[in-house]
Amino acid sequence: MFGLANPTKFMRFSGILLPYLIITTLGLFGWGLYMVFTAPEDYLQGPLSRILYVHAPSAYLAQAAYVFMALANFTGYIWRHPLADMAAKNAAPIGATFALLTIITGMLWGKPAWGTWWVWDARLTSVFILFIMYLGYIAIWQVIEDQVKAARVATIVAAVGLINIPIIKFSVEWWNTLHQPASLTTSGSAIHPSMLTALLIMFAAFTFLFTSLLFISIRTEINRRRARAMEMRILQQNIAQTNLSTRAAINNQEPD
Amino acid sequence: MKPLLALFKRDISLFFRSGGGAGQAIGFYLVVVILFPFGVGPELNLLARISIGVLWVVLLLAILLSAERIFADDLEDGSLTLLLTAGPLPEMVILVKLLAHWVSIALPLLVITPLLGLLLNLPAGGLWPLVLCMFIGSLGLCALATIGASILVSIRRANQIISLLILPLYIPTLIFGVSATTDLTFQLDQPYTALLILTAISLISLIIAPFAAAQALKANA
Amino acid sequence: MKPLLALFKRDISLFFRSGGGAGQAIGFYLVVVILFPFGVGPELNLLARISIGVLWVVLLLAILLSAERIFADDLEDGSLTLLLTAGPLPEMVILVKLLAHWVSIALPLLVITPLLGLLLNLPAGGLWPLVLCMFIGSLGLCALATIGASILVSIRRANQIISLLILPLYIPTLIFGVSATTDLTFQLDQPYTALLILTAISLISLIIAPFAAAQALKANA
Amino acid sequence: MKIDRLKTQNLSAQKGERQLFENIEFELSAGQSMLLTGPNGSGKTTLLHLLSGSEQPRSGQIDMFMAANPTEPRGDGVIGISHFITHQDALKKNLTVYENLRFWTDFMHGDNSRIDTALITVGLEPMPHILAARLSAGQKKRLMLARLLTVSRPLWLLDEPSVSLDSEGQKLLVKLMHEHINAGGIIIASSHIPLGIEATYILELDGGRYMFDDDYIMEDAAL
Amino acid sequence: MKIDRLKTQNLSAQKGERQLFENIEFELSAGQSMLLTGPNGSGKTTLLHLLSGSEQPRSGQIDMFMAANPTEPRGDGVIGISHFITHQDALKKNLTVYENLRFWTDFMHGDNSRIDTALITVGLEPMPHILAARLSAGQKKRLMLARLLTVSRPLWLLDEPSVSLDSEGQKLLVKLMHEHINAGGIIIASSHIPLGIEATYILELDGGRYMFDDDYIMEDAAL
Ligand code: HEM
Ligand SMILES: Nc1ncnc2c1ncn2[C@@H]1O[C@H](COP(=O)(O)OP(=O)(O)OP(=O)(O)O)[C@@H](O)[C@H]1O
Ligand SMILES: Nc1ncnc2c1ncn2[C@@H]1O[C@H](COP(=O)(O)OP(=O)(O)OP(=O)(O)O)[C@@H](O)[C@H]1O
Ligand SMILES: [Mg+2]
Ligand SMILES: [Mg+2]
């Protein structure tokens with residue numbers, strides 16, 4: 001991990017690894033989807049049950065990405081490890097996307113299953129809040145221009161958020177049992193073995209997808225910042241020249 | 001036109017720049033609307049019943065609470081002096097600032113209303129009426145907010161006292177806004193009466209506001 | 001003690017001075033609570049049903065929306081630099097500012113709750129539980145708001161984005177606040193469980209906040 | 001938009017219980033300048049506010065005569081013909097250097113093709129994309145001065161314009177003022193330190209006096 | 001609370017892409033003063049912020065040695081032993097002159113029996129009950145200076161302290177600085193114009209340089 005400390009080594013290393021990651025991701029998706037469509041349908045819910053194979057893995061990744069993000073931030077904070085900060089920064093939008101995907105697939109499923117797009121149920125609510133926490137975190141990176149400063153503040157936000165995830169989960173569950181007996185549960189019937197295999201493969205596929213996206217995103221950012229640094233350098237040289245000539249022109253008409 | 005266009009663009013970009021993109025106004029709506037179910041409980045029927053009212057109140061609050069800002073920042077850094085004396089007519093300047101405020105505050109709500117409606121279990125068929133009525137009503141509300149802001153421009157942190165001052169002015173819009181929405185949603189007897197009154201109120205506010213506000217700002221100088 | 005006392009007095013008098021006396025916080029509550037019946041309709045049963053929730057949400061909003069101000073004015077005029085380096089420990093300074101904010105924002109609500117309860121047709125016997133739970137809960141909410149404000153101190157007009165950041169932190173307090181109030185009002189099975197949890201959340205927030213906020217302010221410098 | 005002259009009559013200002021100045025009268029023609037001096041709080045900034053049209057005088061009159069019609073005072077009074085540089089910077093901290101200058105140039109009907117040159121002249125060309133919040137005190141002042149270059153206005157009202165400027169900046173300011181005067185503009189500037197130009201007139205405010213008689217209450221009361 | 005000396009080692013500051021200064025080292029003993037000069041934006045204000053403890057240096061160290069224990073640097077660093085007067089006035093516009101001064105005096109553990117004398121010294125005694133918002137630029141500066149009189153602090157950090165002061169105010173400032181130096185204090189002041197005191201040292205900042213390499217990103221990238 002620490003061997004990748006500097007961006008150049010990371011670029012080289014990730015450059016080699018990335019193609020394999022992508023191929024693995026695609027392969028797993030292919031296999032997983034094949035399994036999904038050959039697996040027996042859930043006898044209660046019919047073809048709709050297939051949403052599960054997207055829904056459950058994204059739900060897991062939405063949470064895992066938050067934990068990853070907070071840990072990466074910690075690493076950056078304690079060991080002053082900028083690449084870790086960048087990993088955290090770039091994990092956030094991906095995690096947010098998975099949270100959104102969970103919500104969307106859940107809603108698509110909810111309409112036929114429950115007759116409504118949305119209910120204020122414990123699980124749904126906590127995913128929704130997770131999504132909002134992602135948005136807040138992303139906003140921090142956007143609003144603070146100084147990236148070193150942003151990293152420090154982001155760490156505090158991520159840390160507070162991390163403590164808060166279980167708290168919210170618990171309190172939200174309490175809330176429902178207090179006010180409304182659990183009329184809806186998301187856990188379906190016992191899972192058929194072939195469904196389980198398919199599900200596990202999809203979990204793996206999603207995990208690889210996350211890793212690939214993260215690598216691509218970090219690489220893009222490094223490249224963008226390098227490009228900007230070069231641009232600045234050239235700009236500065238140009239300015240220095242125009243500067244001299246314009247100043248000269250201005251000084252020529254100096255009043256006595 | 002160029003000066004006014006420049007002002008319009010500046011105000012909007014200041015608004016969006018200062019809190020992380022379009023996220024900020026939308027963030028506010030999301031927050032309030034999410035808190036509601038926690039407050040009143042998650043029963044969908046109850047939520048459906050109060051959803052139109054809650055969304056209107058939230059729109060009103062968002063406009064009310066941000067109204068102070070219409071002139072406060074410009075006063076603080078001395079821009080207001082120049083805005084009122086160095087460019088186009090004060091009335092035009094105020095109208096433009098009003099519209100910019102509307103675009104920054106009310107428009108985002110209109111855009112995410114479908115999502116919020118969903119979360120609050122808005123009655124089916126209530127979406128379009130809600131968006132339409134809010135579109136019309138919010139313009140009037142922004143105009144009224146501008147008058148209030150101009151009156152209070154020299155009071156620091158007027159945020160909350162401003163609420164007291166313009167509150168009575170908001171009430172007609174709120175009443176007719178909600179009833180126009182309800183009438184249209186449930187296709188009651190004369191679904192358009194309330195809408196017409198709402199439109200009239202907004203138009204009048206919009207016409208009066210620039211003059212009233214210009215007058216108030218002058219008195220303040 | 002003298003420095004901290006001076007700060008406490010200053011913050012409170014600044015708050016009340018700047019918008020027309022104690023009227024401002026109270027004005028805000030009145031506005032929201034009065035507008036509600038206009039929004040959701042005047043049926044007393046419905047109002048009674050949502051009154052506890054609405055009052056809690058309003059308390060929360062008032063704290064949330066004014067949170068930005070805890071440090072913003074001091075940042076703007078350079079006072080913050082001195083507050084953090086020229087006097088007592090930053091953690092103590094933050095704690096005092098937090099309490100001053102609570103006195104300015106939450107206390108007025110507790111004072112006028114009887115009136116508001118009346119307007120919203122609060123269930124009989126719900127008054128004392130409401131005031132007690134809000135007293136405890138609001139301290140925790142102010143503590144959380146302080147953390148949020150410190151994180152966003154360098155961002156201008158954080159008002160609305162701040163909502164996104166601290167919102168999730170508020171939710172547990174809101175849930176247990178409302179259920180503690182309901183349990184006490186209707187004397188349910190174990191009327192004190194939720195109250196205990198609420199107290200615990202507030203205490204923990206109150207203890208953590210000064211340290212977290214001091215850390216954030218340092219990171220920001 | 002050429003100016004002919006600026007004339008004030010019987011100008012007075014009061015703040016709270018304090019009469020800052022009374023019956024100020026002067027007349028400045030194109031190409032002339034006036035320096036305002038006086039102790040702290042004597043009303044220099046207040047007088048400049050009156051001349052910019054952003055405050056109304058307690059009594060008295062300000063007339064502008066344009067070159068096009070030098071016999072009749074301008075209908076709009078002082079509105080829209082002056083630059084006013086004062087302690088408040090009128091810069092938006094969340095906009096960049098370029099955006100700030102661009103906005104005021106557009107808003108004041110200036111010439112935005114001059115922006116780049118103006119930035120170079122005031123020495124801010126390396127940082128057009130920095131937020132105004134990040135600028136140092138002197139850089140902010142320079143950005144304010146850039147407005148004088150992108151928008152042509154006949155009357156310049158400068159309130160302690162040299163504050164925060166380094167020596168090079170002060171030289172630049174002197175040069176700008178000279179050019180403006182030579183081009184037939186009018187300058188009224190306040191300062192506590194020598195500004196480096198030869199002002200045509202010097203107006204010294206003495207600090208006024210406290211008026212314990214609140215006018216309309218005491219008006220023709222026999223005291 | 002007597003100071004022995006103030007010592008910095010290897011101090012550097014970076015803002016955005018700009019390295020403002022590097023490796024600044026100096027040592028000031030009680031009774032000495034230092035003048036900061038340099039063009040606009042060269043980092044004078046930033047250096048004063050570092051010395052006040054309100055910003056952290058990118059690298060380097062600041063040590064204070066107190067007279068009570070001159071061999072060991074103070075544990076708290078620079079916290080709580082300095083006065084810092086800068087462009088931002090730290091005055092609350094909604095509080096009166098008296099209330100503002102009273103607050104800072106109490107907060108900084110000063111002596112509030114000195115408030116009245118301090119107001120007289122800085123010439124604000126006719127207006128203790130006026131809101132700070134109503135003060136003129138110079139009056140605000142005077143109110144800031146009053147803090148120097150009511151709270152004793154060994155280290156004075158003054159950022160362009162003479163700005164906005166009239167000539168009488170500038171004389172007052174010189175007198176205050178002399179008294180502080182003679183009483184064994186240390187002064188570090190920035191200014192673009194002569195301050196009227198003989199500084200022991202002069203530190204000229206040159207404006208630094210742009211660092212195009214965004215530190216860790218460009219680190220050993222083959223460009
Ligand atoms: C917007 C709506 C929804 C959200 C936010 C949501 C959220 C979640 C979450 C977070 C998980 C993972 C639980 C864990 O990791 O322990 C999950 C799993 C699951 N969800 Fe949903 N869900 C939604 C709607 C639905 C609907 C409508 C159904 C079906 C009727 C459903 C069925 C399931 C099933 C079967 C699982 C996996 C089994 C389990 O772990 O219990 N979900 N959902
Ligand atoms: N409400 C009020 N009551 C009493 N005096 C007031 C009030 N408002 C303003 N003043 C006084 O009016 C004067 C305004 O002065 P102004 O800002 O014009 O001074 P100036 O000549 O620019 O001073 P400086 O050299 O310090 O910039 C100040 O002396 C101020 O104290
Ligand atoms: N984010 C940033 N990117 C680039 N430069 C920055 C950034 N933030 C601040 N700066 C620069 O840092 C410098 C800060 O300077 P500082 O305020 O210390 O200057 P100063 O010497 O006090 O100048 P003055 O004489 O004008 O008061 C300025 O040049 C400013 O442009
Ligand atoms: Mg002045
Ligand atoms: Mg400076």
# chains A, B, ... in the order shown; residues from 1 in each chain; ligands from 1
$ select_by_dssp --residues "range 88-166 of chain E" --states "strand (DSSP E or B)" --output "VMD selection string"
chain E and resid 96 131 155 to 159
$ interface_residues --of "chain E" --to "chain B" --cutoff "12 Å" --atoms "only C-alpha atoms" --output "ChimeraX atom specification"
/E:92-95,133-134
$ residues_near_ligand --ligand "ligand 2" --cutoff "10 Å" --atoms "only C-alpha atoms and all ligand atoms" --output "PyMOL selection string"
(chain D and resi 13-21+36-49+86-87+159-160+190-192+204-208+210) or (chain E and resi 124+126-127+129-142+163-167+169)
$ residues_near_ligand --ligand "ligand 1" --cutoff "10 Å" --atoms "only C-alpha atoms and all ligand atoms" --output "PyMOL selection string"
chain A and resi 45+48-64+99-131+184-191+199
$ residues_around --residues "range 106-122 of chain D" --least-positions-apart "3" --cutoff "6 Å" --atoms "only C-alpha atoms" --output "PyMOL selection string"
(chain B and resi 3+87) or (chain D and resi 103+125+142+146+149-151)
$ select_by_dssp --residues "range 17-130 of chain C" --states "helix (DSSP H, G or I)" --output "VMD selection string"
chain C and resid 17 23 to 40 44 to 67 69 to 76 79 to 85 90 to 119 127 to 130
$ residues_around --residues "Asn10 in chain D" --least-positions-apart "3" --cutoff "12 Å" --atoms "only C-alpha atoms" --output "ChimeraX atom specification"
/D:7,13,21-27,57-63
$ write_last_selection --atoms "C-alpha atoms" --output "PDB file, in the first residue's frame"
ATOM      1  CA  LYS D   7     -20.890  73.101  -8.587  1.00  0.00           C
ATOM      2  CA  ALA D  13     -24.550  67.113   6.370  1.00  0.00           C
ATOM      3  CA  PHE D  21     -20.215  70.475   7.812  1.00  0.00           C
ATOM      4  CA  GLU D  22     -22.333  73.391   6.706  1.00  0.00           C
ATOM      5  CA  ASN D  23     -22.608  75.557   3.633  1.00  0.00           C
ATOM      6  CA  ILE D  24     -19.927  73.954   1.589  1.00  0.00           C
ATOM      7  CA  GLU D  25     -19.669  75.666  -1.760  1.00  0.00           C
ATOM      8  CA  PHE D  26     -17.222  75.044  -4.525  1.00  0.00           C
ATOM      9  CA  GLU D  27     -16.985  74.904  -8.261  1.00  0.00           C
ATOM     10  CA  PRO D  57     -27.635  66.080   1.738  1.00  0.00           C
ATOM     11  CA  ARG D  58     -29.425  67.566   4.697  1.00  0.00           C
ATOM     12  CA  SER D  59     -29.572  70.767   2.705  1.00  0.00           C
ATOM     13  CA  GLY D  60     -27.958  72.272  -0.352  1.00  0.00           C
ATOM     14  CA  GLN D  61     -27.535  71.363  -3.942  1.00  0.00           C
ATOM     15  CA  ILE D  62     -25.113  69.675  -6.293  1.00  0.00           C
ATOM     16  CA  ASP D  63     -25.185  70.582  -9.972  1.00  0.00           C
TER      17      ASP D  63
END
$ atom_distance --atom1 "CA of Ile94 in chain C" --atom2 "CA of Leu198 in chain C"
22.5 Å
$ residues_around --residues "Ala100 in chain C" --least-positions-apart "3" --cutoff "8 Å" --atoms "only C-alpha atoms" --output "PDB file with N, CA and C atoms, in the first residue's frame"
ATOM      1  N   PHE C   8     -20.149  35.284  26.380  1.00  0.00           N
ATOM      2  CA  PHE C   8     -21.532  34.839  26.465  1.00  0.00           C
ATOM      3  C   PHE C   8     -22.478  36.037  26.361  1.00  0.00           C
ATOM      4  N   LYS C   9     -22.191  37.048  27.169  1.00  0.00           N
ATOM      5  CA  LYS C   9     -23.033  38.243  27.151  1.00  0.00           C
ATOM      6  C   LYS C   9     -23.006  38.917  25.790  1.00  0.00           C
ATOM      7  N   ASP C  11     -22.395  37.608  22.785  1.00  0.00           N
ATOM      8  CA  ASP C  11     -23.106  36.861  21.744  1.00  0.00           C
ATOM      9  C   ASP C  11     -24.612  37.023  21.881  1.00  0.00           C
ATOM     10  N   ILE C  12     -25.075  36.953  23.112  1.00  0.00           N
ATOM     11  CA  ILE C  12     -26.517  37.087  23.292  1.00  0.00           C
ATOM     12  C   ILE C  12     -26.979  38.494  22.940  1.00  0.00           C
ATOM     13  N   VAL C  96     -19.005  28.055  24.960  1.00  0.00           N
ATOM     14  CA  VAL C  96     -19.748  29.248  25.364  1.00  0.00           C
ATOM     15  C   VAL C  96     -20.583  29.785  24.205  1.00  0.00           C
ATOM     16  N   LYS C  97     -20.002  29.791  23.030  1.00  0.00           N
ATOM     17  CA  LYS C  97     -20.770  30.273  21.876  1.00  0.00           C
ATOM     18  C   LYS C  97     -21.977  29.377  21.618  1.00  0.00           C
ATOM     19  N   VAL C 103     -29.361  29.797  24.032  1.00  0.00           N
ATOM     20  CA  VAL C 103     -30.187  30.769  24.757  1.00  0.00           C
ATOM     21  C   VAL C 103     -30.932  31.681  23.780  1.00  0.00           C
ATOM     22  N   SER C 104     -30.266  32.049  22.696  1.00  0.00           N
ATOM     23  CA  SER C 104     -30.902  32.981  21.767  1.00  0.00           C
ATOM     24  C   SER C 104     -31.967  32.318  20.909  1.00  0.00           C
TER      25      SER C 104
END
$ residues_around --residues "His180 in chain E" --least-positions-apart "3" --cutoff "10 Å" --atoms "only C-alpha atoms" --output "MDAnalysis selection string"
chainID E and resid 31:32 148:149 152:156 174:177 183:187
$ interface_residues --of "chain B" --to "chain A" --cutoff "12 Å" --atoms "only C-alpha atoms" --output "ChimeraX atom specification"
/B:16-24,26-28,30-31,34-45,47-48,115-124
$ interface_residues --of "chain A" --to "chain E" --cutoff "6 Å" --atoms "only C-alpha atoms" --output "count of residues only"
3
$ closest_residue --among "B:Leu110, B:Gly140, B:His101, B:Pro172" --to "chain C" --atoms "only C-alpha atoms"
B:Pro172
$ closest_atom_pairs --of "chain A" --to "ligand 3" --cutoff "12 Å" --atoms "only C-alpha atoms and all ligand atoms" --output "tab-separated table"
residue	atom	partner	partner_atom_place_in_ligand_line	distance
A:Ile144	CA	ligand 3	1 (N)	10.1
A:Glu145	CA	ligand 3	1 (N)	7.4
A:Asp146	CA	ligand 3	1 (N)	6.6
A:Gln147	CA	ligand 3	1 (N)	10.1
A:Val148	CA	ligand 3	1 (N)	11.3
A:Lys149	CA	ligand 3	1 (N)	11.0
A:Met232	CA	ligand 3	4 (C)	12.0
$ atom_distance --atom1 "CA of Ser52 in chain E" --atom2 "CA of Leu6 in chain E"
11.9 Å
$ residues_around --residues "Tyr29 in chain B" --least-positions-apart "6" --cutoff "12 Å" --atoms "only C-alpha atoms" --output "VMD selection string"
(chain B and resid 22 to 23 35 to 36 54 to 63 105 to 113 115 to 117 119) or (chain C and resid 61 160 to 161 163 to 164 167)
$ write_last_selection --atoms "N, CA and C atoms" --output "mmCIF file, in the first residue's frame"
data_model
loop_
_atom_site.group_PDB
_atom_site.id
_atom_site.type_symbol
_atom_site.label_atom_id
_atom_site.label_comp_id
_atom_site.auth_asym_id
_atom_site.auth_seq_id
_atom_site.Cartn_x
_atom_site.Cartn_y
_atom_site.Cartn_z
ATOM 1 N N ALA B 22 -25.821 23.933 -7.610
ATOM 2 C CA ALA B 22 -27.266 23.955 -7.483
ATOM 3 C C ALA B 22 -27.706 23.173 -6.269
ATOM 4 N N GLY B 23 -26.777 22.404 -5.690
ATOM 5 C CA GLY B 23 -27.103 21.580 -4.529
ATOM 6 C C GLY B 23 -27.768 22.330 -3.406
ATOM 7 N N LEU B 35 -37.326 15.666 6.950
ATOM 8 C CA LEU B 35 -37.561 15.744 8.391
ATOM 9 C C LEU B 35 -39.031 15.541 8.733
ATOM 10 N N PHE B 36 -39.884 15.930 7.805
ATOM 11 C CA PHE B 36 -41.295 15.851 8.123
ATOM 12 C C PHE B 36 -41.785 14.480 8.518
ATOM 13 N N VAL B 54 -47.519 21.182 3.068
ATOM 14 C CA VAL B 54 -46.125 21.202 3.515
ATOM 15 C C VAL B 54 -45.226 21.765 2.421
ATOM 16 N N LEU B 55 -45.414 21.321 1.197
ATOM 17 C CA LEU B 55 -44.546 21.801 0.124
ATOM 18 C C LEU B 55 -44.706 23.301 -0.079
ATOM 19 N N TRP B 56 -45.917 23.793 0.017
ATOM 20 C CA TRP B 56 -46.112 25.238 -0.126
ATOM 21 C C TRP B 56 -45.436 26.001 1.010
ATOM 22 N N VAL B 57 -45.608 25.497 2.221
ATOM 23 C CA VAL B 57 -44.987 26.192 3.345
ATOM 24 C C VAL B 57 -43.464 26.193 3.190
ATOM 25 N N VAL B 58 -42.937 25.075 2.714
ATOM 26 C CA VAL B 58 -41.489 25.001 2.548
ATOM 27 C C VAL B 58 -41.010 25.981 1.480
ATOM 28 N N LEU B 59 -41.728 26.061 0.388
ATOM 29 C CA LEU B 59 -41.377 27.029 -0.652
ATOM 30 C C LEU B 59 -41.356 28.430 -0.057
ATOM 31 N N LEU B 60 -42.410 28.716 0.685
ATOM 32 C CA LEU B 60 -42.528 30.037 1.284
ATOM 33 C C LEU B 60 -41.371 30.320 2.238
ATOM 34 N N LEU B 61 -41.049 29.326 3.058
ATOM 35 C CA LEU B 61 -39.949 29.500 4.010
ATOM 36 C C LEU B 61 -38.629 29.738 3.293
ATOM 37 N N ALA B 62 -38.394 28.958 2.256
ATOM 38 C CA ALA B 62 -37.129 29.102 1.541
ATOM 39 C C ALA B 62 -37.006 30.514 0.987
ATOM 40 N N ILE B 63 -38.078 31.031 0.416
ATOM 41 C CA ILE B 63 -38.032 32.380 -0.143
ATOM 42 C C ILE B 63 -37.899 33.414 0.962
ATOM 43 N N ILE B 105 -33.772 30.420 -6.131
ATOM 44 C CA ILE B 105 -34.448 29.825 -4.985
ATOM 45 C C ILE B 105 -35.666 28.999 -5.386
ATOM 46 N N ALA B 106 -36.497 29.562 -6.244
ATOM 47 C CA ALA B 106 -37.771 28.900 -6.513
ATOM 48 C C ALA B 106 -37.652 27.859 -7.623
ATOM 49 N N LEU B 107 -36.875 28.186 -8.627
ATOM 50 C CA LEU B 107 -36.778 27.272 -9.760
ATOM 51 C C LEU B 107 -36.305 25.875 -9.350
ATOM 52 N N PRO B 108 -35.243 25.783 -8.534
ATOM 53 C CA PRO B 108 -34.805 24.443 -8.125
ATOM 54 C C PRO B 108 -35.925 23.648 -7.459
ATOM 55 N N LEU B 109 -36.763 24.326 -6.704
ATOM 56 C CA LEU B 109 -37.848 23.588 -6.056
ATOM 57 C C LEU B 109 -38.788 23.019 -7.106
ATOM 58 N N LEU B 110 -39.088 23.864 -8.104
ATOM 59 C CA LEU B 110 -39.994 23.387 -9.147
ATOM 60 C C LEU B 110 -39.395 22.160 -9.820
ATOM 61 N N VAL B 111 -38.085 22.194 -9.984
ATOM 62 C CA VAL B 111 -37.442 21.082 -10.677
ATOM 63 C C VAL B 111 -37.509 19.786 -9.882
ATOM 64 N N ILE B 112 -37.319 19.883 -8.555
ATOM 65 C CA ILE B 112 -37.327 18.608 -7.819
ATOM 66 C C ILE B 112 -38.671 18.286 -7.183
ATOM 67 N N THR B 113 -39.660 19.098 -7.500
ATOM 68 C CA THR B 113 -40.972 18.798 -6.931
ATOM 69 C C THR B 113 -41.432 17.359 -7.192
ATOM 70 N N LEU B 115 -39.807 14.625 -7.254
ATOM 71 C CA LEU B 115 -39.177 13.744 -6.278
ATOM 72 C C LEU B 115 -39.769 13.958 -4.890
ATOM 73 N N LEU B 116 -39.888 15.217 -4.501
ATOM 74 C CA LEU B 116 -40.423 15.508 -3.182
ATOM 75 C C LEU B 116 -41.864 15.019 -3.060
ATOM 76 N N GLY B 117 -42.622 15.224 -4.121
ATOM 77 C CA GLY B 117 -43.998 14.768 -4.124
ATOM 78 C C GLY B 117 -44.062 13.264 -3.881
ATOM 79 N N LEU B 119 -41.825 11.435 -2.331
ATOM 80 C CA LEU B 119 -41.443 11.116 -0.960
ATOM 81 C C LEU B 119 -42.595 11.373 0.007
ATOM 82 N N LEU C 61 -35.478 23.329 12.511
ATOM 83 C CA LEU C 61 -35.181 24.237 11.396
ATOM 84 C C LEU C 61 -34.583 25.538 11.898
ATOM 85 N N GLN C 160 -27.464 26.856 3.491
ATOM 86 C CA GLN C 160 -28.291 25.790 2.989
ATOM 87 C C GLN C 160 -27.543 24.494 2.764
ATOM 88 N N ILE C 161 -26.277 24.620 2.441
ATOM 89 C CA ILE C 161 -25.543 23.382 2.278
ATOM 90 C C ILE C 161 -25.292 22.753 3.629
ATOM 91 N N SER C 163 -27.314 22.354 5.778
ATOM 92 C CA SER C 163 -28.430 21.481 6.063
ATOM 93 C C SER C 163 -28.112 20.055 5.631
ATOM 94 N N LEU C 164 -27.494 19.934 4.476
ATOM 95 C CA LEU C 164 -27.170 18.607 3.972
ATOM 96 C C LEU C 164 -26.211 17.887 4.903
ATOM 97 N N LEU C 167 -27.799 17.371 8.630
ATOM 98 C CA LEU C 167 -29.110 16.739 8.687
ATOM 99 C C LEU C 167 -29.083 15.338 9.281
#
$ decode --residues "range 66-76 of chain E" --atoms "N, CA, C and O atoms" --output "PDB file, in the first residue's frame"
ATOM      1  N   MET E  66      10.042  33.342  27.440  1.00  0.00           N
ATOM      2  CA  MET E  66       9.600  34.335  28.411  1.00  0.00           C
ATOM      3  C   MET E  66      10.741  34.684  29.353  1.00  0.00           C
ATOM      4  O   MET E  66      11.659  33.892  29.571  1.00  0.00           O
ATOM      5  N   ALA E  67      10.634  35.867  29.930  1.00  0.00           N
ATOM      6  CA  ALA E  67      11.701  36.322  30.826  1.00  0.00           C
ATOM      7  C   ALA E  67      11.826  35.376  32.025  1.00  0.00           C
ATOM      8  O   ALA E  67      12.923  35.167  32.557  1.00  0.00           O
ATOM      9  N   ALA E  68      10.720  34.785  32.433  1.00  0.00           N
ATOM     10  CA  ALA E  68      10.747  33.911  33.597  1.00  0.00           C
ATOM     11  C   ALA E  68      11.556  32.640  33.348  1.00  0.00           C
ATOM     12  O   ALA E  68      12.111  32.046  34.271  1.00  0.00           O
ATOM     13  N   ASN E  69      11.627  32.229  32.088  1.00  0.00           N
ATOM     14  CA  ASN E  69      12.320  30.969  31.777  1.00  0.00           C
ATOM     15  C   ASN E  69      12.942  31.072  30.389  1.00  0.00           C
ATOM     16  O   ASN E  69      12.454  30.498  29.430  1.00  0.00           O
ATOM     17  N   PRO E  70      14.045  31.816  30.307  1.00  0.00           N
ATOM     18  CA  PRO E  70      14.558  32.194  28.986  1.00  0.00           C
ATOM     19  C   PRO E  70      15.258  31.069  28.233  1.00  0.00           C
ATOM     20  O   PRO E  70      15.686  31.269  27.101  1.00  0.00           O
ATOM     21  N   THR E  71      15.384  29.896  28.836  1.00  0.00           N
ATOM     22  CA  THR E  71      16.075  28.836  28.113  1.00  0.00           C
ATOM     23  C   THR E  71      15.104  27.909  27.388  1.00  0.00           C
ATOM     24  O   THR E  71      15.469  27.244  26.430  1.00  0.00           O
ATOM     25  N   GLU E  72      13.893  27.889  27.867  1.00  0.00           N
ATOM     26  CA  GLU E  72      12.925  26.927  27.340  1.00  0.00           C
ATOM     27  C   GLU E  72      11.834  27.680  26.571  1.00  0.00           C
ATOM     28  O   GLU E  72      11.255  28.638  27.108  1.00  0.00           O
ATOM     29  N   PRO E  73      11.502  27.269  25.325  1.00  0.00           N
ATOM     30  CA  PRO E  73      10.409  27.970  24.649  1.00  0.00           C
ATOM     31  C   PRO E  73       9.086  27.708  25.357  1.00  0.00           C
ATOM     32  O   PRO E  73       8.895  26.663  25.987  1.00  0.00           O
ATOM     33  N   ARG E  74       8.185  28.666  25.218  1.00  0.00           N
ATOM     34  CA  ARG E  74       6.878  28.606  25.827  1.00  0.00           C
ATOM     35  C   ARG E  74       6.059  27.451  25.246  1.00  0.00           C
ATOM     36  O   ARG E  74       6.075  27.209  24.038  1.00  0.00           O
ATOM     37  N   GLY E  75       5.347  26.745  26.115  1.00  0.00           N
ATOM     38  CA  GLY E  75       4.592  25.584  25.647  1.00  0.00           C
ATOM     39  C   GLY E  75       3.478  25.934  24.670  1.00  0.00           C
ATOM     40  O   GLY E  75       3.296  25.288  23.643  1.00  0.00           O
ATOM     41  N   ASP E  76       2.744  26.979  24.971  1.00  0.00           N
ATOM     42  CA  ASP E  76       1.606  27.370  24.154  1.00  0.00           C
ATOM     43  C   ASP E  76       1.988  28.040  22.846  1.00  0.00           C
ATOM     44  O   ASP E  76       1.120  28.555  22.144  1.00  0.00           O
TER      45      ASP E  76
END
